[in-house]
>>> print(open('model-v5.cif').read())   # mmCIF, C-alpha atoms
data_final
#
loop_
_atom_site.label_atom_id
_atom_site.label_comp_id
_atom_site.auth_asym_id
_atom_site.auth_seq_id
_atom_site.Cartn_x
_atom_site.Cartn_y
_atom_site.Cartn_z
CA MET A 1 25.55 153.68 130.23
CA ALA A 2 26.13 151.43 127.22
CA GLN A 3 27.71 148.07 127.87
CA THR A 4 30.95 147.70 125.92
CA ASP A 5 32.31 144.39 127.21
CA LYS A 6 29.80 142.02 125.69
CA PRO A 7 31.42 138.70 124.75
CA THR A 8 32.06 138.23 121.06
CA CYS A 9 29.93 135.49 119.52
CA ILE A 10 31.93 133.43 117.00
CA PRO A 11 29.77 131.52 114.49
CA PRO A 12 30.47 127.79 114.98
CA GLU A 13 31.08 127.28 111.27
CA LEU A 14 33.70 130.05 111.01
CA PRO A 15 36.85 128.10 112.08
CA LYS A 16 36.22 125.29 109.57
CA MET A 17 35.35 127.80 106.83
CA LEU A 18 38.58 129.73 107.35
CA LYS A 19 40.60 126.51 107.47
CA GLU A 20 39.14 125.37 104.15
CA PHE A 21 39.85 128.79 102.64
CA ALA A 22 43.48 128.65 103.79
CA LYS A 23 44.00 125.17 102.34
CA ALA A 24 42.39 126.19 99.04
CA ALA A 25 44.61 129.28 98.87
CA ILE A 26 47.74 127.16 99.37
CA ARG A 27 46.71 124.84 96.54
CA ALA A 28 45.62 127.61 94.17
CA GLN A 29 48.56 129.99 94.81
CA PRO A 30 46.67 132.99 93.35
CA GLN A 31 48.66 135.96 92.15
CA ASP A 32 46.09 138.35 93.65
CA LEU A 33 45.11 136.74 96.95
CA ILE A 34 42.63 139.47 97.91
CA GLN A 35 40.68 139.28 94.65
CA TRP A 36 40.81 135.49 94.68
CA GLY A 37 39.54 135.50 98.27
CA ALA A 38 36.67 137.82 97.33
CA ASP A 39 35.69 135.50 94.47
CA TYR A 40 36.00 132.49 96.79
CA PHE A 41 33.60 133.82 99.42
CA GLU A 42 31.23 135.28 96.83
CA ALA A 43 30.90 131.80 95.31
CA LEU A 44 30.23 130.34 98.75
CA SER A 45 27.52 132.92 99.40
CA ARG A 46 25.78 131.83 96.18
CA GLY A 47 26.06 128.17 97.09
CA GLU A 48 28.52 127.53 94.28
CA THR A 49 31.83 125.67 94.26
CA PRO A 50 34.66 128.12 95.08
CA PRO A 51 37.14 128.89 92.29
CA VAL A 52 40.17 126.65 92.88
CA ARG A 53 42.42 126.58 89.85
CA GLU A 54 44.14 123.44 88.64
CA ARG A 55 47.89 123.20 89.20
CA SER A 56 48.55 123.46 85.46
CA GLU A 57 46.92 126.89 85.61
CA ARG A 58 48.97 127.88 88.62
CA VAL A 59 52.27 128.04 86.76
CA ALA A 60 52.77 131.73 87.13
CA LEU A 61 52.80 134.18 84.29
CA CYS A 62 56.23 135.21 85.48
CA ASN A 63 59.28 132.97 85.95
CA TRP A 64 58.26 131.20 89.18
CA ALA A 65 59.35 127.59 89.52
CA GLU A 66 56.67 125.01 90.24
CA LEU A 67 56.60 123.40 93.67
CA THR A 68 57.59 119.73 93.38
CA PRO A 69 58.84 117.01 95.74
CA GLU A 70 62.25 117.39 94.12
CA VAL A 71 62.40 121.09 95.01
CA LEU A 72 61.32 120.29 98.57
CA LYS A 73 64.14 117.72 98.76
CA ILE A 74 66.59 120.47 97.85
CA LEU A 75 65.24 122.68 100.63
CA HIS A 76 65.35 119.79 103.10
CA SER A 77 69.00 119.11 102.26
CA GLN A 78 69.79 122.80 102.79
CA VAL A 79 68.13 122.76 106.22
CA ALA A 80 70.75 120.10 106.97
CA GLY A 81 69.10 118.26 109.83
CA ARG A 82 68.07 121.28 111.86
CA LEU A 83 64.75 121.09 113.69
CA ILE A 84 64.33 124.87 113.88
CA ILE A 85 65.12 127.40 111.18
CA ARG A 86 64.69 131.15 111.21
CA ALA A 87 61.95 132.53 108.97
CA GLU A 88 64.29 135.02 107.32
CA GLU A 89 66.75 132.27 106.32
CA LEU A 90 64.01 129.98 105.05
CA ALA A 91 62.44 132.79 103.03
CA GLN A 92 65.81 133.38 101.36
CA MET A 93 66.21 129.66 100.59
CA TRP A 94 62.69 129.67 99.14
CA LYS A 95 63.61 132.64 96.97
CA VAL A 96 66.81 131.02 95.72
CA VAL A 97 64.89 128.02 94.33
CA ASN A 98 62.51 130.53 92.74
CA LEU A 99 59.28 129.41 94.40
CA PRO A 100 56.26 131.75 94.63
CA THR A 101 56.37 134.20 97.52
CA ASP A 102 52.58 133.96 97.91
CA LEU A 103 52.89 130.24 98.60
CA PHE A 104 55.54 130.82 101.24
CA ASN A 105 53.34 133.41 102.93
CA SER A 106 50.32 131.09 102.78
CA VAL A 107 52.22 128.27 104.48
CA MET A 108 53.47 130.72 107.10
CA ASN A 109 49.91 131.89 107.77
CA VAL A 110 48.35 128.44 107.96
CA GLY A 111 51.08 127.22 110.30
CA ARG A 112 51.02 130.44 112.30
CA PHE A 113 54.79 130.47 112.17
CA THR A 114 56.77 133.42 113.51
CA GLU A 115 60.50 134.14 113.60
CA GLU A 116 61.51 130.55 114.39
CA ILE A 117 59.97 127.73 112.36
CA GLU A 118 59.73 124.03 113.11
CA TRP A 119 61.02 122.74 109.79
CA LEU A 120 59.07 119.46 109.72
CA LYS A 121 55.80 121.30 110.30
CA PHE A 122 56.56 123.78 107.55
CA LEU A 123 57.56 120.95 105.21
CA ALA A 124 54.33 119.06 105.96
CA LEU A 125 52.21 122.08 105.08
CA ALA A 126 54.21 122.74 101.92
CA CYS A 127 53.63 119.11 100.90
CA SER A 128 49.91 119.58 101.51
CA ALA A 129 49.94 122.02 98.58
CA LEU A 130 50.78 118.98 96.42
CA GLY A 131 48.72 116.34 98.20
CA VAL A 132 44.93 116.47 97.85
CA THR A 133 44.47 114.14 100.83
CA ILE A 134 46.29 113.57 104.10
CA THR A 135 47.48 110.17 102.85
CA LYS A 136 48.90 111.73 99.68
CA THR A 137 50.53 114.52 101.70
CA LEU A 138 52.22 112.01 104.03
CA LYS A 139 53.38 109.97 101.03
CA ILE A 140 55.07 113.06 99.58
CA VAL A 141 56.63 113.92 102.95
CA CYS A 142 58.04 110.39 103.20
CA GLU A 143 59.51 110.68 99.72
CA VAL A 144 61.15 113.97 100.62
CA LEU A 145 62.53 112.78 103.96
CA SER A 146 63.57 109.26 102.96
CA CYS A 147 67.29 108.55 103.07
CA ASP A 148 67.00 105.27 101.17
CA HIS A 149 69.00 105.82 97.99
CA ASN A 150 69.07 102.15 96.94
CA GLY A 151 65.85 102.22 94.97
CA GLY A 152 63.71 100.82 97.78
CA LEU A 153 60.41 102.17 99.03
CA PRO A 154 60.64 105.58 100.73
CA ARG A 155 60.75 105.08 104.49
CA ILE A 156 61.13 107.20 107.58
CA PRO A 157 61.23 106.57 111.36
CA PHE A 158 57.79 105.79 112.76
CA SER A 159 58.29 108.50 115.39
CA THR A 160 58.63 111.08 112.59
CA PHE A 161 55.52 109.73 110.83
CA GLN A 162 53.60 109.87 114.12
CA PHE A 163 54.58 113.50 114.63
CA LEU A 164 53.68 114.50 111.06
CA TYR A 165 50.36 112.64 110.90
CA THR A 166 49.24 114.08 114.23
CA TYR A 167 50.18 117.61 113.15
CA ILE A 168 48.60 117.44 109.68
CA ALA A 169 45.38 115.96 111.09
CA GLU A 170 45.28 118.71 113.71
CA VAL A 171 45.69 121.45 111.11
CA ASP A 172 43.13 119.80 108.84
CA GLY A 173 40.62 119.75 111.69
CA GLU A 174 38.33 117.15 110.10
CA ILE A 175 39.77 114.00 111.69
CA CYS A 176 39.08 113.30 115.34
CA ALA A 177 42.04 112.74 117.65
CA SER A 178 40.71 109.32 118.68
CA HIS A 179 40.86 108.10 115.07
CA VAL A 180 44.43 109.35 114.69
CA SER A 181 45.37 107.59 117.92
CA ARG A 182 43.76 104.30 116.82
CA MET A 183 45.56 104.34 113.49
CA LEU A 184 48.92 105.12 115.06
CA ASN A 185 48.48 102.38 117.67
CA TYR A 186 47.58 99.84 115.00
CA ILE A 187 50.53 100.79 112.79
CA GLU A 188 52.97 100.69 115.69
CA GLN A 189 51.77 97.32 117.00
CA GLU A 190 50.90 95.47 113.79
CA VAL A 191 52.91 97.05 110.96
CA ILE A 192 56.20 98.48 112.15
CA GLY A 193 59.12 96.05 112.20
CA PRO A 194 62.16 95.88 114.51
CA ASP A 195 63.90 98.67 112.58
CA GLY A 196 61.23 101.17 113.67
CA LEU A 197 60.73 102.42 110.11
CA ILE A 198 57.52 102.92 108.16
CA THR A 199 57.40 102.64 104.37
CA VAL A 200 54.96 104.36 102.02
CA ASN A 201 53.21 101.06 101.32
CA ASP A 202 52.60 100.52 105.03
CA PHE A 203 49.99 103.28 105.03
CA THR A 204 48.93 103.47 101.38
CA GLN A 205 48.49 99.77 100.51
CA ASN A 206 47.33 98.31 103.85
CA PRO A 207 43.49 98.13 103.77
CA ARG A 208 43.33 98.35 107.57
CA VAL A 209 45.13 101.68 107.63
CA ARG A 210 42.74 104.52 106.88
CA LEU A 211 44.34 107.84 107.72
CA GLU A 212 41.45 110.00 106.53
#
>>> encode(input="model-v5.cif", output="structure tokens")
Amino acid sequence: MAQTDKPTCIPPELPKMLKEFAKAAIRAQPQDLIQWGADYFEALSRGETPPVRERSERVALCNWAELTPEVLKILHSQVAGRLIIRAEELAQMWKVVNLPTDLFNSVMNVGRFTEEIEWLKFLALACSALGVTITKTLKIVCEVLSCDHNGGLPRIPFSTFQFLYTYIAEVDGEICASHVSRMLNYIEQEVIGPDGLITVNDFTQNPRVRLE
């Protein structure tokens, strides 16, 4: 009798490979995801650099708007302080500002979101489509979330930064948790002032803060 319950062997490199593919797809925003994916993995199989288009090439051939921090600020204001938003409502908001549906679906897939979405997590992944690095992504998130309208440096509560950095690093999968913990401890103890806020310069200009 043939054995049918053999455990499935997952190649150790598969999770990282799929994660890199998902991040590349978010940045490229291809019109034909299936064909783009086929070209991506074909290039990998030949040992070549996968085809990731520049953002200037990603402006769609239709009338899609381009994703920008300003557009994300509009979405954030429409979420109006809610921590959780339903996927159907967010998809409609995304459509109203005329952003690409493929990008929305890519963020949903990477975040494994379902009917109810944690808005800050979704926002962080959307910002990662603009930021090449984790530091750049967090800078964009701070700019979107900052409530300082007096021309000062963008700043957010350290607790929010801690949540976002931990989440982005976890999704990225290339930064060990111990490094994230060390950086957060240093920032909290040596950088953050009595107001409990972190500015963009606190993690982009401080040579002792290395988020990557």
>>> residues_near_point(input="model-v5.cif", point="(44.3, 105.5, 111.7)", cutoff="6 Å", atoms="only C-alpha atoms", output="list in words")
His179, Val180, Arg182, Met183, Leu184, Val209, Arg210 and Leu211 of chain A
>>> resolve_selection(input="model-v5.cif", expression="the PyMOL selection byres ((chain A and resi 67) around 9)", output="number ranges by chain")
A: 65-66, 68-72, 99-100, 126-127, 129-130
>>> closest_residue(input="model-v5.cif", among="A:Thr166, A:Ala38, A:Lys139, A:Gly81", to="Ser178 of chain A", atoms="all atoms listed in the file")
A:Thr166
>>> residues_around(input="model-v5.cif", residues="segment 197-199 of chain A", least_positions_apart="5", cutoff="12 Å", atoms="all atoms listed in the file", output="number ranges by chain")
A: 138-143, 145-148, 152-162, 184, 187-192, 204-206
>>> atom_distance(input="model-v5.cif", atom1="atom CA of Trp119 of chain A", atom2="atom CA of Trp36 of chain A")
28.3 Å
>>> closest_residue(input="model-v5.cif", among="A:Ala87, A:Leu18, A:Ile175, A:Leu120", to="Tyr40 of chain A", atoms="all atoms listed in the file")
A:Leu18
>>> closest_residue(input="model-v5.cif", among="A:Arg46, A:Glu115, A:Lys121, A:Gly196", to="Glu170 of chain A", atoms="all atoms listed in the file")
A:Lys121
>>> atom_distance(input="model-v5.cif", atom1="atom CA of Lys95 of chain A", atom2="atom CA of Asp32 of chain A")
18.7 Å
>>> atom_distance(input="model-v5.cif", atom1="atom CA of Pro50 of chain A", atom2="atom CA of Pro15 of chain A")
17.1 Å
>>> closest_residue(input="model-v5.cif", among="A:Thr114, A:Leu83, A:Phe41, A:Ile168", to="Gly131 of chain A", atoms="all atoms listed in the file")
A:Ile168
>>> closest_residue(input="model-v5.cif", among="A:Asp172, A:Asn109, A:Asp202, A:Leu75", to="Val96 of chain A", atoms="only C-alpha atoms")
A:Leu75
>>> closest_residue(input="model-v5.cif", among="A:Leu123, A:Val110, A:Ala22, A:Val200", to="Ser77 of chain A", atoms="only C-alpha atoms")
A:Leu123
>>> decode(input="model-v5.cif", residues="segment 191-203 of chain A", atoms="N, CA and C atoms", output="PDB file, in the first residue's frame")
ATOM      1  N   VAL A 191      18.068  58.448  23.008  1.00  0.00           N
ATOM      2  CA  VAL A 191      17.654  59.418  21.998  1.00  0.00           C
ATOM      3  C   VAL A 191      16.347  60.112  22.345  1.00  0.00           C
ATOM      4  N   ILE A 192      15.366  59.346  22.763  1.00  0.00           N
ATOM      5  CA  ILE A 192      14.031  59.891  22.996  1.00  0.00           C
ATOM      6  C   ILE A 192      14.018  60.836  24.196  1.00  0.00           C
ATOM      7  N   GLY A 193      13.397  61.995  24.014  1.00  0.00           N
ATOM      8  CA  GLY A 193      13.305  62.979  25.086  1.00  0.00           C
ATOM      9  C   GLY A 193      12.073  62.768  25.948  1.00  0.00           C
ATOM     10  N   PRO A 194      11.814  63.694  26.867  1.00  0.00           N
ATOM     11  CA  PRO A 194      10.672  63.575  27.788  1.00  0.00           C
ATOM     12  C   PRO A 194       9.320  63.533  27.090  1.00  0.00           C
ATOM     13  N   ASP A 195       9.251  64.092  25.869  1.00  0.00           N
ATOM     14  CA  ASP A 195       7.959  64.121  25.169  1.00  0.00           C
ATOM     15  C   ASP A 195       7.590  62.776  24.562  1.00  0.00           C
ATOM     16  N   GLY A 196       8.548  61.824  24.550  1.00  0.00           N
ATOM     17  CA  GLY A 196       8.253  60.489  24.029  1.00  0.00           C
ATOM     18  C   GLY A 196       8.116  60.423  22.522  1.00  0.00           C
ATOM     19  N   LEU A 197       8.610  61.450  21.818  1.00  0.00           N
ATOM     20  CA  LEU A 197       8.495  61.501  20.366  1.00  0.00           C
ATOM     21  C   LEU A 197       9.843  61.218  19.699  1.00  0.00           C
ATOM     22  N   ILE A 198       9.791  60.658  18.513  1.00  0.00           N
ATOM     23  CA  ILE A 198      10.993  60.420  17.721  1.00  0.00           C
ATOM     24  C   ILE A 198      10.873  61.198  16.418  1.00  0.00           C
ATOM     25  N   THR A 199      11.934  61.908  16.053  1.00  0.00           N
ATOM     26  CA  THR A 199      11.943  62.657  14.798  1.00  0.00           C
ATOM     27  C   THR A 199      12.657  61.841  13.724  1.00  0.00           C
ATOM     28  N   VAL A 200      12.492  62.246  12.483  1.00  0.00           N
ATOM     29  CA  VAL A 200      13.158  61.562  11.374  1.00  0.00           C
ATOM     30  C   VAL A 200      14.673  61.574  11.552  1.00  0.00           C
ATOM     31  N   ASN A 201      15.219  62.706  11.992  1.00  0.00           N
ATOM     32  CA  ASN A 201      16.669  62.797  12.160  1.00  0.00           C
ATOM     33  C   ASN A 201      17.203  61.869  13.242  1.00  0.00           C
ATOM     34  N   ASP A 202      16.357  61.514  14.187  1.00  0.00           N
ATOM     35  CA  ASP A 202      16.801  60.635  15.274  1.00  0.00           C
ATOM     36  C   ASP A 202      17.245  59.267  14.762  1.00  0.00           C
ATOM     37  N   PHE A 203      16.672  58.820  13.645  1.00  0.00           N
ATOM     38  CA  PHE A 203      17.084  57.508  13.134  1.00  0.00           C
ATOM     39  C   PHE A 203      17.702  57.553  11.736  1.00  0.00           C
TER      40      PHE A 203
END
